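Structure file run.csv (CSV, C-alpha atoms) follows.
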chain,number,residue,atom,x,y,z
A,125,CYS,CA,252.9,302.9,216.5
A,126,ILE,CA,254.9,301.4,213.7
A,127,GLY,CA,257.8,303.3,212.3
A,128,THR,CA,258.9,303.2,208.7
A,129,SER,CA,262.3,301.7,207.8
A,130,SER,CA,263.7,300.3,204.6
A,131,SER,CA,265.3,297.4,206.5
A,132,LEU,CA,261.9,296.1,207.9
A,133,SER,CA,259.0,294.5,206.1
A,134,ALA,CA,255.4,293.9,207.4
A,135,VAL,CA,254.6,290.4,208.5
A,136,VAL,CA,251.1,289.0,208.6
A,137,THR,CA,250.4,286.5,211.3
A,138,GLY,CA,247.6,284.2,212.1
A,139,PRO,CA,245.6,283.8,215.3
A,140,GLY,CA,248.3,281.6,216.7
A,141,GLY,CA,251.1,284.1,215.9
A,142,LYS,CA,252.3,282.0,213.0
A,143,ALA,CA,253.8,284.0,210.1
A,144,ALA,CA,252.2,283.7,206.7
A,145,GLY,CA,254.3,282.7,203.7
A,146,SER,CA,253.1,283.0,200.2
A,147,LYS,CA,250.1,285.0,199.0
A,148,GLU,CA,248.0,281.9,199.0
A,149,GLU,CA,248.9,281.3,202.7
A,150,ASP,CA,248.1,285.0,203.4
A,151,LEU,CA,244.6,284.6,202.0
A,152,ALA,CA,244.0,281.4,203.9
A,153,LEU,CA,245.2,283.0,207.2
A,154,THR,CA,243.1,286.2,206.5
A,155,ARG,CA,240.0,284.0,205.9
A,156,GLU,CA,240.7,282.1,209.1
A,157,ILE,CA,241.0,285.3,211.1
A,158,LEU,CA,237.7,286.6,209.7
A,159,MET,CA,235.9,283.4,210.5
A,160,ASN,CA,237.2,283.2,214.0
A,161,SER,CA,236.3,286.9,214.6
A,162,MET,CA,232.7,286.3,213.4
A,163,GLY,CA,232.5,283.3,215.7
A,164,SER,CA,233.5,285.2,218.8
A,165,ASP,CA,231.0,288.0,218.0
A,166,LEU,CA,228.1,285.5,217.6
A,167,GLY,CA,229.1,283.4,220.6
A,168,ASP,CA,227.5,280.0,221.0
A,169,GLY,CA,224.4,280.9,219.0
A,170,GLY,CA,226.3,281.5,215.8
A,171,ASP,CA,223.1,281.2,213.8
A,172,ALA,CA,221.1,283.6,215.9
A,173,ASP,CA,220.5,286.0,213.1
A,174,ALA,CA,219.8,283.3,210.6
A,175,PRO,CA,216.2,283.2,209.4
A,176,ALA,CA,214.0,280.7,211.1
A,177,PRO,CA,213.1,277.8,208.9
A,178,ALA,CA,209.7,278.2,207.4
A,179,LYS,CA,206.9,276.3,209.1
A,180,GLU,CA,205.6,273.6,207.1
A,181,ASP,CA,201.9,273.9,206.3
A,182,ALA,CA,199.8,271.5,208.3
A,183,PRO,CA,198.6,268.8,206.0
A,184,LYS,CA,195.1,269.4,204.9
A,185,LYS,CA,192.5,266.8,205.8
A,186,ALA,CA,191.7,264.7,202.9
A,187,LYS,CA,188.2,265.1,201.7
A,188,LYS,CA,186.0,262.1,202.2
A,189,GLN,CA,185.2,260.7,198.9
A,190,LYS,CA,181.6,259.8,198.5
A,191,LYS,CA,181.1,256.2,197.8
A,192,LYS,CA,179.5,255.7,194.5
A,193,LYS,CA,176.4,253.6,194.8
A,194,SER,CA,176.7,250.5,192.8
A,195,PRO,CA,174.0,250.0,190.2
A,196,PRO,CA,171.3,247.5,191.0
A,197,PRO,CA,171.9,244.0,189.6
A,198,GLU,CA,170.4,243.5,186.2
A,199,VAL,CA,167.2,241.5,186.4
A,200,GLY,CA,166.6,239.3,183.4
A,201,PRO,CA,163.2,239.0,181.9
A,202,VAL,CA,160.8,236.9,183.9
A,203,GLU,CA,159.8,233.7,182.1
A,204,MET,CA,156.1,233.5,181.5
A,205,ASP,CA,155.4,229.7,181.7
A,206,VAL,CA,153.0,227.4,183.3
A,207,SER,CA,154.7,227.8,186.7
A,208,LYS,CA,153.1,231.2,186.9
A,209,LEU,CA,149.7,229.5,187.1
A,210,ASP,CA,148.6,228.3,190.5
A,211,ILE,CA,146.5,225.2,189.6
A,212,ARG,CA,145.0,223.3,192.5
A,213,VAL,CA,143.2,220.0,192.9
A,214,GLY,CA,139.6,220.6,194.0
A,215,VAL,CA,136.2,219.0,194.4
A,216,ILE,CA,132.8,220.6,193.5
A,217,GLN,CA,130.6,220.7,196.6
A,218,GLU,CA,127.6,222.5,195.2
A,219,ALA,CA,126.5,223.4,191.7
A,220,TRP,CA,123.4,225.3,190.4
A,221,GLU,CA,122.3,227.2,187.3
A,222,HIS,CA,123.0,230.9,187.2
A,223,GLU,CA,119.6,232.8,187.3
A,224,GLU,CA,120.5,235.3,184.6
A,225,ALA,CA,123.0,233.5,182.4
A,226,ASP,CA,121.8,230.5,180.4
A,227,LYS,CA,125.3,229.2,179.8
A,228,LEU,CA,126.7,229.5,183.4
A,229,PHE,CA,126.8,227.2,186.3
A,230,CYS,CA,127.6,228.6,189.8
A,231,GLU,CA,129.8,226.3,191.9
A,232,LYS,CA,131.3,226.0,195.3
A,233,ILE,CA,134.6,224.2,195.1
A,234,ASP,CA,136.9,223.0,197.9
A,235,ILE,CA,140.5,223.6,197.0
A,236,GLY,CA,141.9,223.2,200.5
A,237,GLU,CA,141.3,226.7,201.8
A,238,GLU,CA,139.2,227.7,204.8
A,239,GLU,CA,136.2,228.5,202.7
A,240,PRO,CA,135.2,227.0,199.3
A,241,ARG,CA,135.8,229.1,196.2
A,242,GLN,CA,132.7,230.4,194.3
A,243,ILE,CA,133.4,229.9,190.6
A,244,ALA,CA,131.2,230.3,187.5
A,245,SER,CA,131.7,227.9,184.6
A,246,GLY,CA,130.2,228.1,181.1
A,247,LEU,CA,129.3,224.4,180.9
A,248,ARG,CA,125.5,224.2,180.8
A,249,ALA,CA,125.6,223.1,177.2
A,250,TYR,CA,127.8,220.1,178.2
A,251,TYR,CA,126.8,219.0,181.7
A,252,LYS,CA,123.8,219.0,184.1
A,253,ALA,CA,124.1,220.5,187.5
A,254,GLU,CA,123.7,217.1,189.3
A,255,ASP,CA,126.7,215.8,187.2
A,256,LEU,CA,129.0,218.3,188.8
A,257,VAL,CA,128.5,217.7,192.5
A,258,GLY,CA,131.4,215.5,193.9
A,259,LYS,CA,133.4,216.0,190.7
A,260,ARG,CA,137.2,216.3,191.2
A,261,VAL,CA,138.6,219.1,189.1
A,262,CYS,CA,141.7,221.2,188.4
A,263,VAL,CA,141.2,224.9,189.5
A,264,LEU,CA,143.2,227.8,188.3
A,265,ALA,CA,143.3,229.7,191.6
A,266,ASN,CA,145.4,232.8,191.2
A,267,LEU,CA,142.8,234.9,189.3
A,268,LYS,CA,141.2,238.0,190.7
A,269,SER,CA,137.6,237.7,191.7
A,270,ARG,CA,135.2,239.2,189.2
A,271,LYS,CA,131.4,239.4,189.0
A,272,LEU,CA,129.7,237.5,186.2
A,273,LEU,CA,126.2,238.9,186.0
A,274,GLY,CA,126.3,239.6,189.7
A,275,PHE,CA,127.9,236.3,190.7
A,276,PRO,CA,131.4,236.8,192.3
A,277,SER,CA,133.6,234.2,190.5
A,278,HIS,CA,137.1,233.6,192.0
A,279,GLY,CA,139.0,231.2,189.8
A,280,MET,CA,138.5,229.0,186.7
A,281,VAL,CA,137.9,225.2,186.3
A,282,LEU,CA,140.3,223.8,183.6
A,283,CYS,CA,138.6,222.0,180.7
A,284,ALA,CA,139.8,220.6,177.4
A,285,SER,CA,137.8,221.6,174.3
A,286,THR,CA,137.9,220.7,170.6
A,287,GLU,CA,138.7,223.5,168.1
A,288,ASP,CA,135.1,223.8,167.0
A,289,GLY,CA,133.7,223.8,170.5
A,290,SER,CA,131.6,220.7,169.9
A,291,SER,CA,133.1,219.0,173.0
A,292,VAL,CA,134.2,220.5,176.3
A,293,VAL,CA,135.2,218.2,179.2
A,294,PHE,CA,136.9,218.6,182.6
A,295,VAL,CA,140.6,217.9,183.1
A,296,ASP,CA,140.6,215.3,185.8
A,297,PRO,CA,143.4,215.1,188.4
A,298,PRO,CA,144.7,211.7,189.5
A,299,ALA,CA,142.6,209.9,192.0
A,300,ASP,CA,145.2,209.9,194.7
A,301,ALA,CA,145.9,213.7,194.4
A,302,ALA,CA,145.1,215.5,197.6
A,303,ILE,CA,142.5,218.3,197.7
A,304,GLY,CA,144.5,221.6,197.6
A,305,GLU,CA,147.6,220.0,196.1
A,306,ARG,CA,149.3,222.1,193.4
A,307,VAL,CA,149.4,220.7,189.9
A,308,MET,CA,153.0,220.8,188.7
A,309,CYS,CA,154.9,220.4,185.4
A,310,ASP,CA,158.3,218.9,185.3
A,311,GLY,CA,161.0,221.5,184.5
A,312,PHE,CA,158.7,224.5,185.3
A,313,ASP,CA,159.1,224.8,189.0
A,314,GLY,CA,158.8,228.5,189.7
A,315,GLU,CA,156.5,230.3,192.1
A,316,PRO,CA,153.1,231.2,190.9
A,317,ALA,CA,152.3,234.8,190.0
A,318,THR,CA,150.1,237.0,192.1
A,319,GLU,CA,146.5,237.6,191.1
A,320,ASN,CA,147.4,241.1,190.0
A,321,GLN,CA,150.4,240.0,188.0
A,322,VAL,CA,148.3,237.4,186.1
A,323,GLY,CA,146.1,240.2,184.9
A,324,LYS,CA,148.6,243.0,184.3
A,325,LYS,CA,151.1,240.8,182.5
A,326,LYS,CA,148.5,239.0,180.5
A,327,ILE,CA,150.0,235.7,181.6
A,328,LEU,CA,147.0,233.6,180.4
A,329,ASP,CA,147.4,234.9,176.9
A,330,LYS,CA,151.1,233.8,176.9
A,331,VAL,CA,150.6,230.4,178.6
A,332,PHE,CA,147.3,229.0,177.4
A,333,PRO,CA,148.3,228.5,173.8
A,334,ASP,CA,150.8,225.8,174.9
A,335,LEU,CA,148.4,224.0,177.2
A,336,LYS,CA,147.0,221.0,175.2
A,337,THR,CA,146.2,217.4,175.5
A,338,ASP,CA,148.3,214.9,173.8
A,339,GLN,CA,147.2,211.8,171.7
A,340,SER,CA,146.3,210.0,175.0
A,341,GLY,CA,144.3,212.9,176.4
A,342,VAL,CA,147.0,213.8,179.0
A,343,ALA,CA,147.1,217.6,179.7
A,344,THR,CA,150.5,219.0,178.8
A,345,TYR,CA,152.4,222.2,178.7
A,346,LYS,CA,154.7,222.3,175.7
A,347,GLY,CA,154.5,218.5,175.6
A,348,VAL,CA,155.3,218.0,179.3
A,349,PRO,CA,152.5,216.4,181.4
A,350,LEU,CA,150.7,218.2,184.2
A,351,THR,CA,151.0,216.1,187.3
A,352,ALA,CA,149.6,215.7,190.8
A,353,GLY,CA,149.7,212.8,193.3
A,354,SER,CA,151.3,209.9,191.5
A,355,GLY,CA,150.1,210.5,188.0
A,356,SER,CA,149.1,212.9,185.2
A,357,CYS,CA,146.0,215.0,184.7
A,358,VAL,CA,143.9,213.7,181.9
A,359,ALA,CA,141.0,215.1,180.0
A,360,GLU,CA,137.7,213.3,180.8
A,361,GLY,CA,137.1,210.5,178.3
A,362,GLY,CA,140.7,210.9,177.0
A,363,LEU,CA,139.9,213.8,174.7
A,364,ALA,CA,143.0,214.0,172.5
A,365,ASP,CA,144.7,217.0,170.8
A,366,ALA,CA,142.4,219.4,172.5
A,367,GLN,CA,143.1,223.0,173.8
A,368,VAL,CA,143.2,223.3,177.6
A,369,SER,CA,141.9,226.5,179.3
For this file, produce the structure as structure tokens.
Amino acid sequence: CIGTSSSLSAVVTGPGGKAAGSKEEDLALTREILMNSMGSDLGDGGDADAPAPAKEDAPKKAKKQKKKKSPPPEVGPVEMDVSKLDIRVGVIQEAWEHEEADKLFCEKIDIGEEEPRQIASGLRAYYKAEDLVGKRVCVLANLKSRKLLGFPSHGMVLCASTEDGSSVVFVDPPADAAIGERVMCDGFDGEPATENQVGKKKILDKVFPDLKTDQSGVATYKGVPLTAGSGSCVAEGGLADAQVS
């Protein structure tokens, strides 16, 4: 025990037995004693009672973003020009008068296919049947077959005609043009339309007004000659300034 005596005063010492001096040193020593004491109680795992760090949430899987479908490319309006017409060089093999129509001839025309085309033409007022056989012609081939008073007509023979209808003549292909060769027009080189498209899109109504013969009788589209072989297609007899259809 510690006795009381007026000649003795209490001395605070640190863990190493060193005496404290001023109040500030007393506080520092006291703090050091407390820290050392806590360390000895906790041992090597000084942070044993410390709360465990919170587990980080596992990163959520990013949702797959649906790829937006790109809009289809814009398609410009299809040009309705003479390239949509499939005009072929042909030769009439047979011709006879339609039994029920006094204006129609029935013809078989070779245009380079396996079988000749059967085509009806309203030309009896301008030609005789015997004048047609062996005649080289220009045939509009991409038309749907239709019956004309019972006769299945699959195509159209191109002719030039005056405005009053007083003269109608064949449009003749060049002599060296091959049977089945496509009649072309410079600057209008697209693929021909299908038979269905010609009807549904009314292509003939849009193209025929610009098919005419020039002053020399050359068949033209918007002033550009129709050609095959090594030359131009010309209205028989050079019929000038006439409508072609």
Give me the residues near Gln321 (chain A) as a PyMOL selection string, where near means some atom within 12 Å (using all atoms listed in the file) and where sequence neighbours in that chain fewer than 2 positions away do not count. chain A and resi 202+204+208-209+266-268+316-319+323-328
Quick one: residues within 12 Å of Lys346 (chain A), all atoms listed in the file, excluding same-chain residues fewer than 6 positions away - as a list in words? Asp205, Val206, Cys309, Asp310, Gly311, Phe312, Val331, Phe332, Pro333, Asp334, Leu335, Lys336, Thr337, Asp338, Gln367 and Val368 of chain A
For region 244-250 of chain A, find every residue with an atom within 7 Å (counting all atoms listed in the file), except residues of its own chain fewer than 5 positions away, and show them as an MDAnalysis selection string. chainID A and resid 227:231 277 281 292
Have a look at A:His222, A:Ala284, A:Arg306, A:Ile233 and name the one nearest to Leu272 (chain A); count all atoms listed in the file. A:His222
Would you work out the distance separating CA of Thr344 (chain A) from CA of Val263 (chain A), expressed in Å to one decimal? 15.4 Å
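Coordinates place CA of Gly362 (chain A) at a distance of 6.0 Å from CA of Ser340 (chain A).
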Rank A:Leu264, A:Ala366, A:Leu350, A:Val215 by their smallest atom-to-atom distance to Asp288 (chain A), using only C-alpha atoms, and report the top residue only.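 Among A:Leu264, A:Ala366, A:Leu350, A:Val215, it is A:Ala366 that comes nearest to Asp288 (chain A).
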Would you work out the distance separating CA of Val307 (chain A) from CA of Ala352 (chain A), expressed in Å to one decimal? 5.1 Å
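Across A:Ala253, A:Leu273, A:Ile235, A:Ile243, the tightest approach to Trp220 (chain A) is made by A:Ala253 when counting all atoms listed in the file.
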Please determine an axis-aligned box that encloses all atoms of region 291-302 of chain A listed in the file, with 8 Å added on each side, and express its centre and edge lengths in Å to one decimal as AutoDock Vina command-line options.
--center_x 139.5 --center_y 215.2 --center_z 185.3 --size_x 28.8 --size_y 26.6 --size_z 40.6
Select, from A:Glu360, A:Glu287, A:Glu203, A:Glu238, the residue with the minimum atom-to-atom distance to Lys259 (chain A), counting all atoms listed in the file.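 Result for the nearest residue to Lys259 (chain A): A:Glu360.
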